[in-house]
Structures are given as structure tokens and as C-alpha cells.
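**Q** One structure coming up, written as C-alpha cells, with questions to follow.
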There are 2 protein chains.
Amino acid sequence: MLTSRSVLRAVALASALAVSSQATAQTAAQRRASATPQLSAPTYQPEFGTMWTFDAPPLDYWRRTYGFAPDQKWLDHVRLASVRLPNCSASFVSARGLVMTNHHCGRECTASSSPPDSNYIQTGFAARTLADEKKCAGLYVDQLQSIQNVTDRVRGAITGSTPAEQASQRTAIINQIQTECNQQTQLNCQVVSLYQGGIYSIYRYRRFNDIRLVMAPEADIAFFGGDPDNFTYPRYDLDLTLLRVYENGQPYSPTDYLKWSPAGATENELVFVVGNPGSTGRLNTIAQMEYLRDVGYPASLAAYKRALGIYSELERTDTSAARRYQNDVFGIANSQKAVTGYRAGLLDTASMAKKRAFEQELRARIAADPKLQAQYGASFDAIASAQRELATFSPQLRYYGFGGGSNLMQLAAGLVRVGLFANAPDSARLAQYRGAGLENIKRQILAPTPIDTAFERLAIAAQLRAAQSELPANDQFLRVALNGQTPEARAAALVRGTRIGDPAFRQQLVQGGAAAITASTDPMIVLARQIDPLNRTQLARATALNAVIAANSEKIGQALFATYGTALPPDATFTLRISDGLVKSFPSNGTIAPYKTTFYGLYERSAAFDNKDPFKLPERWVTRKANLDLSTPYDFVSTNDIIGGNSGSPVINRNAEVVGLVFDSNIEGVSNRFIFSSAVGRTVSVHSRAIPEALRKMYDGARIADELQGR
Amino acid sequence: MLTSRSVLRAVALASALAVSSQATAQTAAQRRASATPQLSAPTYQPEFGTMWTFDAPPLDYWRRTYGFAPDQKWLDHVRLASVRLPNCSASFVSARGLVMTNHHCGRECTASSSPPDSNYIQTGFAARTLADEKKCAGLYVDQLQSIQNVTDRVRGAITGSTPAEQASQRTAIINQIQTECNQQTQLNCQVVSLYQGGIYSIYRYRRFNDIRLVMAPEADIAFFGGDPDNFTYPRYDLDLTLLRVYENGQPYSPTDYLKWSPAGATENELVFVVGNPGSTGRLNTIAQMEYLRDVGYPASLAAYKRALGIYSELERTDTSAARRYQNDVFGIANSQKAVTGYRAGLLDTASMAKKRAFEQELRARIAADPKLQAQYGASFDAIASAQRELATFSPQLRYYGFGGGSNLMQLAAGLVRVGLFANAPDSARLAQYRGAGLENIKRQILAPTPIDTAFERLAIAAQLRAAQSELPANDQFLRVALNGQTPEARAAALVRGTRIGDPAFRQQLVQGGAAAITASTDPMIVLARQIDPLNRTQLARATALNAVIAANSEKIGQALFATYGTALPPDATFTLRISDGLVKSFPSNGTIAPYKTTFYGLYERSAAFDNKDPFKLPERWVTRKANLDLSTPYDFVSTNDIIGGNSGSPVINRNAEVVGLVFDSNIEGVSNRFIFSSAVGRTVSVHSRAIPEALRKMYDGARIADELQGR
């Protein structure tokens, strides 16, 4: 599946960057015409992928490649039939407001709708009648009404000379545009920064707040194959939730919805994925990619490995641990797979050579134009230099702090900082302690947090061991952190000696303010007091360098857009994109992975693992098996360009009919984060024929299947 | 599947090396006791694999690892129940002489037994009654009766001082031992050189000549998945032939046969594979492995790629070509997969480091003992030096000749050499033209050979292009081969200008002898005359270096055996071995490949590919599907150590019952040729439960299934 912890974080970040506004109507054609003039004829560059915005669809490229280019009516229809959930993509799929998305995208609603004695996540749910549909508290869907380029207005307002001044002016004008738009249109407006600030567009959404659960299968069939099969293909998952949008207590009748394709996806067919990819790094410079490849990702992978080692150690000594830590382990394993994949793309020398050639050409084009050279010429080297400097203190940055997963360390850090920052001005506080942040963190600290001492001991010891192996022997952090002991002894002593696991003790410290913190002899507080200044020095250094990188990335984005225009799609920003692709098998494991799977394969994989978890079938899939046509297509793959945030995207054919439902990428596709290739990377979707077959044969859901199929 | 062209060649080579004798009875214990004394306690070295000989089973290692060690009765029973076909392994599996092997191992018999209007290879065959069983002309099975160490006798007879003298004495004593044995025992006796000459053993076989076909399924189910799935797993193949041994016109009742396990292979179970692995290179030196990794295999892979390019070019312009070249393409693709796998093992730096450490330790042990040092001390460097020298003229050795697949070039070479060698003494001829060889080659030349001019043009041009890119511009071979033209023009001119495609013209040249060859102005003959001396110079150089390598390999084999004794199994020699392993899933493609597949998977893979070739099911597997229990285990994997020649080996459990039938290795296992690892390499077998299920439900073969299952 696509939505992992790390991916969700990426999505949240992208949303934070996508600040919200109002402006005048403008057609796609006008938008293209008003784009910054291009230096040369823009050409399609496959390694930048196909996450096209709806205001700049690559009609010529599509016509040339597929002999098909949709008209504006088709594009408007598809855009309006597509919706966005808080962290996922989705689409209207019936005249009465049915919305299709992935199982995990509706998970919270499915869980909270369950009756007290049962859990729909485990049992599955299909509403017999409209009246049985369950309200999803807090869930909403956003429908993109229009897009408008507001680059000139944003740029015009930025007149300051320092980066800090410019940043504050940028925030102000974006907030102003969004507020104006919200007031004038009653829509939910967001200003989105595309091409790293190369252009700014306002995205206007209609928000629907009455969303109800119609159907969700059992988690065991939605995530069949669990962690091992995650990010792989062939796959056998019914990763589906059906919701319904209501308006005034009645099913909403959308102006636009996607009809159901009777045939579904067929081999080598042209298909489009319409959804909201969260975050990509395709416009990154080589220096940024090399930093991730050689410094950032290896450090993350080492941390995941340490964390998994801790859980496996815990599971060895405690038989109930496996179940208790299952979600944590799954989350880390998922991130590990994802980051391994991201890094694999960066380790591919052929792809990197292509990227390097592209960057060299771009730099040559910039150098050839004195005006561009003056604006952007120094940016590549400025980034490279900042990345190089970041690499020099990467171990210090990672270990001088409170990492490694220990809750006690986090609590100690929070207590010390809340105390020290209480009477300090915002400017002297770490960013997350500014304004209302301080009170939020205080609340978190005081909330009852169960402390798992076995885990704490192992986590602190592992972190100290790792620090010991990467930092020089005479390191100042190591001196205070180890206090002359072995990592294991020190961790045991800290966990045994501290009282901060006790909420009352924490309350006491918070109330005591800076004085209580300074006077405390609790070993964890003492340690956190010692680490805090070391940590802040490293953070300040890194923050300054990251600001340099951000400022220069924006310039490079502008240069890219000035040079290539919309011939290159912008990096993903969790906003609506349309990606073209083909339904296509791929070379895998020495042979061919077929373009589709069928229900036969579900039963094969379950039987091959003797029906053991995570290949265990839900009860109804065993007892009702004879009802199913086992040869029904189940999942399939296509070459569309997706990433986390695309979960729940519809896959449609030329007729804008649903042929599938995106739910994952294969492991080879994960490496597309930085450099896109359709050689072996694939989008994995539920086949449209599997959904009504399962609804009718497994879930007594003929009512819903009929609605989807327009019967 | 295991038997590829290259593997078959390897098997033939191993058989050629395994020269056939007589001696006194000796138990395994006596045999171990009389082995050359060891320098240190021998320990199991996993990277040397588990192809144990029956006269030195590693009982202690088995007991330690599995808590199980068979007694001598078990070992004798299993050895006698196992048999060898000309190129495959097999086993007795019923009291009335049923023999189980792979589909391709019985292919010749299955094809030649077919009625005129039909082909059992396509239709499958199951004899209704004993009387319907079909005689397999020319087929025989060999049953190993006994093994005896004859090292001392062989060594005692080698008294010469030059390598040539020693070689001829070795051949003579081996022939003498074999002839004596054949006469005294009426058995088929072969002296086998193990540990590269470290020891010599005589293997005595009873040969059965009346073999009949009992059952063979359709090729489409035996090789389901064809070329793409070859060397991969999960797999869905019924790679089976059942034969029966007859004696005096009646089914033979073997003294020993393997009973059928009711449960078949279960997960994590200890299993043994008993069969005749053809050839491995685990005792090779690092220098030999590096040569293959860096010079030999890359050259082979480039040649395969060129050849496949030619076929794909032909197929582009000629729609009937695909079918015509199917076998050739399959053979090359199979070799390409195999060699890619072999090389992958050598490219694995961790494995190679292990191997290097082993070699360094061995060299240190030799150096520490003055006697060993005097005998073997110089051998590693002698091999390394010869390999280095071979590498210096590798392009010349490869291109100064008649390679590249052109039949015309081969005919021209043969014509020129038959002419020039006709009146020369044997010593002046190339090896294959000596003695009766000359007449054989003459016959081949004069046989009608259809010439495919489109293929010839492309093959000659591709070979010339490759030569041009690898040889220096002023190279003497290139000068004559290209004759100042482009490769394409030269190839076209040669194919257009030559008459040697005409058998009558060839007849004329052969009859004309040396004079006709010398006088010929046919452009191919002219070219072959020019190439011949260049080619012979290179061959002579390579032959001398390979003799150095062979002589020193034998010394290293002796040193290894002197040092480690039977703690390391010898390299494969297409003689009977027993390998231990576990039925075990493995990490694959980002997830887990299950330990077994079921019939569900067969229907899944066929449906996923829309029942297209090579995933097309035979008719009866479609029409009779409802009869089958789809959850029946079909194929499975285990960590046993196998290679080409093991095709058809039985997989047995602790009770010596059949739990499976070996038919392939996964692609990861192919790299085990030089360095064995059970991390991801797996033996792929048909599960014992699939065979009676298929016999009963698909082939009306209850008679045969009952016999297998002892009902």
C-alpha cells in the first residue's frame, strides 16, 4: 500500500507548504500562454514522470504517443469526478454520490462506526440499505473547482531584500490571496507552490462534510499478504472503501461521476490515474540526491534496522510482544521498504547519469543567458556546498539529541525545554515551542503515557551503541550520554533511576518551571539538560544550511520553469494530477509478472502458505468460495506515475470509465521518487471487475454493485 | 528446468572425464579410514555445498544439524533405489520397476513412441495396461552397485616424469582397471576422478536395457511457463515421465525402490536429494573464478546477446521466423539465464571474500608443511599466471576462427582442414581431425545442410562487427576477414559469392583434396584458408595454457583432499550424490516465495496471461478442472544442492519415502555453481501429492497411481 508513516509525513509536509486564495477565471490555454516564455522548444522528459496538472495537460505528447488527447470537457468532467480525502485520493463513482477509495483511507471511519461488540475492520461491513450507511465523523472530501496561476501577484508582493523579509512577504501575500478567495467564493482555497516556487497557483475546492460508510471489506482481504506483500506484485488485495457523500441528509447527486467500465483494464490499454500524489523529488539537484543516497537514507535505514532489532529482541523474550508491537514493526518495515526503494533509484547509475546530463544541459542553458546566469547561476553550487557541509556533521546532528524511539528521552527533552522556554521570548525558542506550541507540548507531556521499560532500556542502549560507533571516542555528547558506562549499563541505570515515567512527577516539574528543571537531580532530566545545548547548536547549524538549500531550490525551480515550462510536470504537492500509462506486464524475478491477477491467485497464495497469517482468508472468502468466478480479474498493473497520496485514485480509460482503483506501487516503482522510469516500476490497482464480483458474491452487496454498474 | 544445452555439454564433459574397473570390496568406514591422513580436524564448509558421495556420507554433520543420521542399510537402500539415465537422474518407485524421472529426460522415447498421426509430447500419454507400455529404443538405466577407492593403484602406475607421459599412463591404468572390472563383474564400470584427481574411485553399475514408457504428460503442462518461467519459482510444472524397467519381457522387481510418502514434503522438513549432479566448480581457485567472471562469462554473454539480436532481427522481417527459430532462441536464452546466474555468484563480493579467505587458509596450511609446499605450493600461482596470460589474448582466441553461428563458415573451415589434413600425420592435425575424426567430419560436411542465407548474412556481419569492436584496428584477422569492407557488405558478399552451400560443390572440393582447396577461388574457402593458420596459432597457445591449469588443478585437488578429506564434498562428476536440505520458503521480489505452490496457482498463472502460450493449459486441464482438488500441493522448494544432471532426482524424507521430484533450480540457485549458499538458492521439485492427483483426475491413470501409492 502507498500510505506509510513516512509517506504520510511527506503528505503532511506537502500540505503545509501548499498554503491556501482567490483570483480571476482563466482557461488552461490562457494559463499556458501567460507562462514565462521558454528558451527552447519544450520536450517531454520521461525521467520527470507524468504527474500532469489539470491546467497544463500535455495534449501534444498524448496525441503523439497514444493517438488520443481528451478535450476540455473530458478533462473538466474527470477533474470534477475526482475528490481528495484528508490523506488520500478518491472519486465519485455513482449518480448518487458513491465515493471509491482505499481501505486504509476509510479506516478511521470503519473502525469508529463499528458496534461495541465487533470491529468492522476485522469483520468487514456492507450497508444493506441507505439507512444502514454510517456517518464518518470528521471526514470530508474536497472537489477541485478551478485552478488559477497567481505567480505574478505573489512575486509582485515580494519586494524585500533579505531571505527572511521575502519569506514573510510571501507568507503574507499567500494568506491574503487565500483569505480573499475563501470569502468571495465560499470555497476552500489553497495557494500551491509548484516547481519549488517556479509558479504559484490557487486551487479552489468545494468541501463536502457529510460522508458515510457504505462498504469496507475485512482488513485481511483488503491487505491480504500484509507486510511481506506490501509494495510488491503480483498482488491479491481488495483494498477498497466505498463512502457516500450526503447533502442535506440525502445522497448527493454529483454533477460529474465516473461510470463503471464493463470490461475493466485490458492488456496494453491506455489508462489514466487521477489523484493527489504527495511528494516527489524529481526537481532536486544531483547534490541533493547524492546527499540522500550517501548520507540521509543510509542513516535512516540504519535507524530502521536498529528499531527492528529492538522489537525482534523483545519478541524473543516475550511471546505477547509480537502482537503488541505489530503496528510499530509494520510501520518501520514499510518505511524501510520505501526508503530502500527510494535509494535504489539513486543507486541506479544509468538513471543518475541521465539526471546528471539533464542538469549539465540546464546549467549550460543558464550560463548561456547572462540574465538567467545572474539570477540562477550560483544556485547549484550553493546547494552542493550546503549539502557537503551538512554531511560533515551528520553523525552529530543525528546523535546529539533525543532520538532512537525512547519515550522517556522525549519526555525529558520536553520537560527541560518547557521549563527553560517558559519565560523566554518566541525568538529564543525552538520553532515547535513558539506561540501555542508550548502549551501543546505541555499537554502532551502531562498526558498519561504508558512506559514500556523493557523497550526503553533496549532503545536507549541501541541509540547509545550506534552513537558510540559513529562518533569519535572523545566526543562531548558521548561523554555525558554514556557517563563512563557501557551503553547497556547506562540505559539500565537511566530507566531504573528516573521518575519521569510518573505523570505526577512530570506535573511537579512543569509547575516548578525553570527552577525545578535546573535543580532536578533525576538522571534523565540531568542528561536532557546536558544534551539540550548540544542539540540546539547542531539544529541551528542545520537550519541555516537548509534555508540556503530551500532558497536556492526555489531559484532552480524558477530556472527550470523558465527553461522547460510545463513540458516537465512539477513535483508532487498533494494536489490533483493526471498521469498517463499503459496496462502492462513487466520482467520480474527472472520471468514475467502478468498484467493482472485473478481470484485463483488469491486462493493460491493463501493455500501456498497453508492459510497462515498474513495470508489467512476471511471466513466468508472460505465459505462462499464456490460462488465466485475465480477467473475474474482481481488486481492489475500499469505504468502510471504515482506516489503516496495517490492511494484511492481511480484508474480510468479513454471513455473516462473506471477500470481500476490504485492502491500501491511495486517495489521497483518505489525508486521512481527521484527519477521516473516505466521499465519495471508499476502502479498496482484493484481491477474494476473484482469489485462488483466481490460485492455480489461475498458481501450480499447487489444494491451497491448495481449502483456502481448503473443497473 | 535444469537440462540446458550448456548443462548437457557440461554433463557430457563430466562423463568424458569420468573414465570406467575392478577391485576388492570395501565398506564406507574402511574407505574413510584409508583416506590420505588429514592435517587438521575437517569441518563442514557450507560454501562447498552438500553433494556428498555415498562412500563418505557426513554422518556427524547430519546428526549435529538435524538430529538424524541414516544407517548403512538406509544408505544402501537409497543408493540402489536410485538410477541414472544417459543425461538425467531417476529412481525406482514401485515394486514392479516403475522409474520416475523428468519429462525432458524421457522426451526422446515419448516422441518416438508416438503413433504416426499424433505426438505424445503434445498430447501426453498414459498406458492403460502393461501391454500398452511403449518400448524406449536405445534408452537404458544404470544402477550403482558399489564404489571403491582405487587411488593407490592409479597413482602407482604413474611413474613418468613429463605431463604427457603421466597422462598416457593414467589413461592406460584407468582403462585397465575398467576392463578388468567389466570382465570380472559383468557390470558397467567407470573410474571417476574426484577432487580434480585428489582421489580415484571405481563406480560399478548394473545396466538395464529394456525400458518402456508408462506415462508422460503434455509438454505444455510439464514445461508450463516455458522459457520465461524456466529457472524461476513459484512454478507450476508437472515435469514428469514414468518409465518401467523390464527384464525378460516382464516388469522388473527391484530389490530396492522408494515408497511414496502419503503427506509429501512439508514446511521445514529435512529432505534428501539423490541424483547425479553434472558439473560444479567449487574447487576452482580464485584465479579461475575471476577469469570466468571477468573474461570468459562476459564474452559468452555478449555472444548470446548477439545471437538473440540476430533472431529478433530475423523475426522482425519474417513472421514465420519466430516459430522456426523457437528452439534455438530457447536454448540460447536458457544458456544466457544460466551463465548470468553463474556469474552472479562470482559477482557476489561477500561470497567471493569467503572463498578468498578459504583459499588463503589453504595456502597457509600448505606453506606450513614443507612436503605439501614442495608438492603443491606453486600450483595456485601457476594457475593464476596461466589465466592471466589467457586473458591477454582472449579477443584473438575468440575471433580468430569460425564462430558466430554461421554454418557456411563452419563448412568452409571443415573443407579447408579436411583438405589440408588429409595426408598429414595425426600429430599435425587438430585433435578432432585425428584417427576416425577426419572421416566423421567429412561425413558431416557432405551431409545436406539447408543454408538459411538471411541468418548467415546477419550472423557473419554480427561476428565481424563484434571482432571489429574488440580487436585493434590494424589486426591481421580483421584485415583478411573484412577485406576492406564494412561487416555488413563483407557478409553479404561472402554469402552471395560462395558456392559451398551446394553439397555437390562440397563433394567436388573434398574429392579434390589439398590441391583443390589450395586452388579454390571461392570467397569462403579463400577466407577460411587465411583464417586457419591464425586460428591454429591461438588454439595452440590456449591448449598449452589449459594443460598447465589442468595439471595444477589436479595438484590442488590432491592438496585439498589431503587437507580436508571428505569434509568437503568433491565437485560434481555426474555420479551419484546425496544432498541434505530443508523444505523452505525464501525472500523473493520484496516478499516471501512460499515453500510450495498448489494447483490454484497453475490456473492463476494461466488466467493471468489470458491462457496464452507458454501459459496455455492442455485441453484436458481445462475440461477436467472440476475433478481436481485445487489445493493439492503442486511444486515446492528446498535448500538441497543440485545442478544440471540432477534432473529427475527423487526428493526423499527420513523414511526414504518419495516426497518430490527435482526438476529445476530457481534463478538465485544457479549462482551456486561455484559458491554454494542456501540463503535464497532453491531446488524446485514436483510435490509427491501432485503426481497421483494428476494421474487419477487428469490421465485416467488410477492403475499407475495405485502402483505408486502401493494400493
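Residues are named by chain letter and number: chains run A, B, ... in the order of the C-alpha cells, numbers start at 1 in each chain, and ligands are numbered from 1 in the order shown.
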Define the interface residues of chain A facing chain B as those within 6 Å, counting only C-alpha atoms, and report them as a list in words.

**A** Pro228, Asp229, Thr591, Pro594, Lys596, Thr597, Tyr600, Gly601, Glu604 and Ala608 of chain A

**Q** Quick one: everything within 9 Å of Ile531 in chain B, counting only C-alpha atoms, minus sequence neighbours fewer than 4 positions away in the same chain. Send it as a list in words.

**A**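 My list of contacting residues is Tyr400, Gly401, Phe402, Ala413, Phe477, Val480, Ala481, Val526, Leu527, Asn535 and Arg536 of chain B.
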
**Q** How would the residues just picked look written out with N, CA, C and O atoms as a PDB file, in the first residue's frame?

**A**
```pdb
ATOM      1  N   TYR B 400      39.609 -15.048 -33.907  1.00  0.00           N
ATOM      2  CA  TYR B 400      40.425 -15.669 -34.959  1.00  0.00           C
ATOM      3  C   TYR B 400      39.876 -17.075 -35.177  1.00  0.00           C
ATOM      4  O   TYR B 400      40.464 -18.047 -34.715  1.00  0.00           O
ATOM      5  N   GLY B 401      38.786 -17.182 -35.866  1.00  0.00           N
ATOM      6  CA  GLY B 401      38.226 -18.513 -36.040  1.00  0.00           C
ATOM      7  C   GLY B 401      36.940 -18.463 -36.835  1.00  0.00           C
ATOM      8  O   GLY B 401      36.734 -17.562 -37.654  1.00  0.00           O
ATOM      9  N   PHE B 402      36.056 -19.421 -36.558  1.00  0.00           N
ATOM     10  CA  PHE B 402      34.890 -19.609 -37.404  1.00  0.00           C
ATOM     11  C   PHE B 402      33.605 -19.559 -36.576  1.00  0.00           C
ATOM     12  O   PHE B 402      32.620 -20.215 -36.885  1.00  0.00           O
ATOM     13  N   ALA B 413      35.542 -23.973 -42.945  1.00  0.00           N
ATOM     14  CA  ALA B 413      36.641 -24.406 -42.082  1.00  0.00           C
ATOM     15  C   ALA B 413      36.866 -25.903 -42.225  1.00  0.00           C
ATOM     16  O   ALA B 413      38.005 -26.375 -42.363  1.00  0.00           O
ATOM     17  N   PHE B 477      43.719 -10.458 -38.433  1.00  0.00           N
ATOM     18  CA  PHE B 477      42.486 -11.195 -38.728  1.00  0.00           C
ATOM     19  C   PHE B 477      41.464 -10.265 -39.363  1.00  0.00           C
ATOM     20  O   PHE B 477      40.826 -10.595 -40.367  1.00  0.00           O
ATOM     21  N   VAL B 480      42.022  -9.652 -43.159  1.00  0.00           N
ATOM     22  CA  VAL B 480      41.524 -10.660 -44.105  1.00  0.00           C
ATOM     23  C   VAL B 480      40.018 -10.859 -43.983  1.00  0.00           C
ATOM     24  O   VAL B 480      39.316 -11.044 -44.982  1.00  0.00           O
ATOM     25  N   ALA B 481      39.513 -10.783 -42.769  1.00  0.00           N
ATOM     26  CA  ALA B 481      38.084 -11.074 -42.573  1.00  0.00           C
ATOM     27  C   ALA B 481      37.219  -9.996 -43.212  1.00  0.00           C
ATOM     28  O   ALA B 481      36.190 -10.290 -43.826  1.00  0.00           O
ATOM     29  N   VAL B 526      38.651 -19.164 -49.660  1.00  0.00           N
ATOM     30  CA  VAL B 526      39.814 -18.270 -49.588  1.00  0.00           C
ATOM     31  C   VAL B 526      39.941 -17.721 -48.169  1.00  0.00           C
ATOM     32  O   VAL B 526      41.016 -17.753 -47.561  1.00  0.00           O
ATOM     33  N   LEU B 527      38.822 -17.261 -47.632  1.00  0.00           N
ATOM     34  CA  LEU B 527      38.838 -16.689 -46.280  1.00  0.00           C
ATOM     35  C   LEU B 527      39.227 -17.747 -45.244  1.00  0.00           C
ATOM     36  O   LEU B 527      40.065 -17.498 -44.373  1.00  0.00           O
ATOM     37  N   ASN B 535      43.938 -19.073 -36.576  1.00  0.00           N
ATOM     38  CA  ASN B 535      43.131 -19.799 -35.595  1.00  0.00           C
ATOM     39  C   ASN B 535      43.977 -20.855 -34.882  1.00  0.00           C
ATOM     40  O   ASN B 535      43.972 -20.968 -33.656  1.00  0.00           O
ATOM     41  N   ARG B 536      44.775 -21.603 -35.645  1.00  0.00           N
ATOM     42  CA  ARG B 536      45.549 -22.688 -35.048  1.00  0.00           C
ATOM     43  C   ARG B 536      46.620 -22.156 -34.087  1.00  0.00           C
ATOM     44  O   ARG B 536      46.900 -22.776 -33.064  1.00  0.00           O
TER      45      ARG B 536
END
```

**Q** I'd like the interatomic distance between CA of Asp142 in chain A and CA of Arg170 in chain A, to a tenth of an Å.

**A**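 It comes out at 25.2 Å.
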
**Q** Find the residues around Ala516 in chain A up to 12 Å (only C-alpha atoms counted), leave out those fewer than 2 positions away in its own chain, and share them as a PyMOL selection string.

**A** chain A and resi 415-420+505-514+518-522+525-526+529

**Q** Please, which residues of range 269-427 of chain B, numbered as in this document, come out strand (DSSP E or B) from DSSP, as a list in words?

**A**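 Answer for range 269-427 of chain B, restricted to strand (DSSP E or B): Leu270, Val271, Phe272, Val273, Val274 and Gly275 of chain B.
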
**Q** Could you write out the selected residues, including N, CA and C atoms, as a PDB file, in the first residue's frame?

**A**
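Dumped to selection.pdb:
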```
ATOM      1  N   LEU B 270      13.283 -31.955   6.874  1.00  0.00           N
ATOM      2  CA  LEU B 270      14.562 -32.421   6.325  1.00  0.00           C
ATOM      3  C   LEU B 270      14.303 -33.347   5.142  1.00  0.00           C
ATOM      4  N   VAL B 271      14.910 -33.044   4.011  1.00  0.00           N
ATOM      5  CA  VAL B 271      14.769 -33.916   2.835  1.00  0.00           C
ATOM      6  C   VAL B 271      16.137 -34.121   2.179  1.00  0.00           C
ATOM      7  N   PHE B 272      16.243 -35.230   1.461  1.00  0.00           N
ATOM      8  CA  PHE B 272      17.476 -35.546   0.740  1.00  0.00           C
ATOM      9  C   PHE B 272      17.172 -35.634  -0.751  1.00  0.00           C
ATOM     10  N   VAL B 273      18.086 -35.110  -1.554  1.00  0.00           N
ATOM     11  CA  VAL B 273      18.005 -35.304  -2.995  1.00  0.00           C
ATOM     12  C   VAL B 273      19.097 -36.292  -3.366  1.00  0.00           C
ATOM     13  N   VAL B 274      18.699 -37.327  -4.107  1.00  0.00           N
ATOM     14  CA  VAL B 274      19.649 -38.357  -4.512  1.00  0.00           C
ATOM     15  C   VAL B 274      19.715 -38.361  -6.029  1.00  0.00           C
ATOM     16  N   GLY B 275      20.879 -38.023  -6.572  1.00  0.00           N
ATOM     17  CA  GLY B 275      20.971 -37.947  -8.030  1.00  0.00           C
ATOM     18  C   GLY B 275      22.390 -37.688  -8.486  1.00  0.00           C
TER      19      GLY B 275
END
```

**Q** Kindly give the distance, in Å, that separates CA of Leu560 in chain A and CA of Ala679 in chain A, rounded to a single decimal.

**A**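 Computing it gives 25.4 Å between the two atoms.
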
**Q** Check the smallest atom-to-atom distance from each of A:Leu464, A:Leu478, A:Met524, A:Ile556 to Arg306 in chain A using only C-alpha atoms, then report the winner.

**A** A:Leu464

**Q** Just how far from CA of Tyr433 in chain A is CA of Ile445 in chain A, in Å to one decimal?

**A**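 Calculated distance between CA of Ile445 in chain A and CA of Tyr433 in chain A is 12.8 Å.
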
**Q** Quick one: everything within 8 Å of range 187-198 of chain A, counting only C-alpha atoms, minus sequence neighbours fewer than 5 positions away in the same chain. Send it as a ChimeraX atom specification.

**A** /A:17-22,174,177-179,181-182,203-207,283,553-562,570-571,573

**Q** Name the residues in contact with Ala702 in chain A at a cut-off of 12 Å, using only C-alpha atoms, excluding same-chain residues fewer than 3 positions from it; report them as a ChimeraX atom specification.

**A** /A:126-129,215,691-699,705-711

**Q** Using only C-alpha atoms, which of the listed residues (A:Arg703, A:Leu390, A:Asn423, A:Val684) sits closest to Arg235 in chain A?

**A** A:Val684

**Q** Counting only C-alpha atoms, figure out which residue out of A:Asp348, A:Asp55, A:Asp318, A:Glu619 gets nearest to Ser671 in chain A.

**A**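 Looking at the shortest contact to Ser671 in chain A, the residue is A:Asp348.
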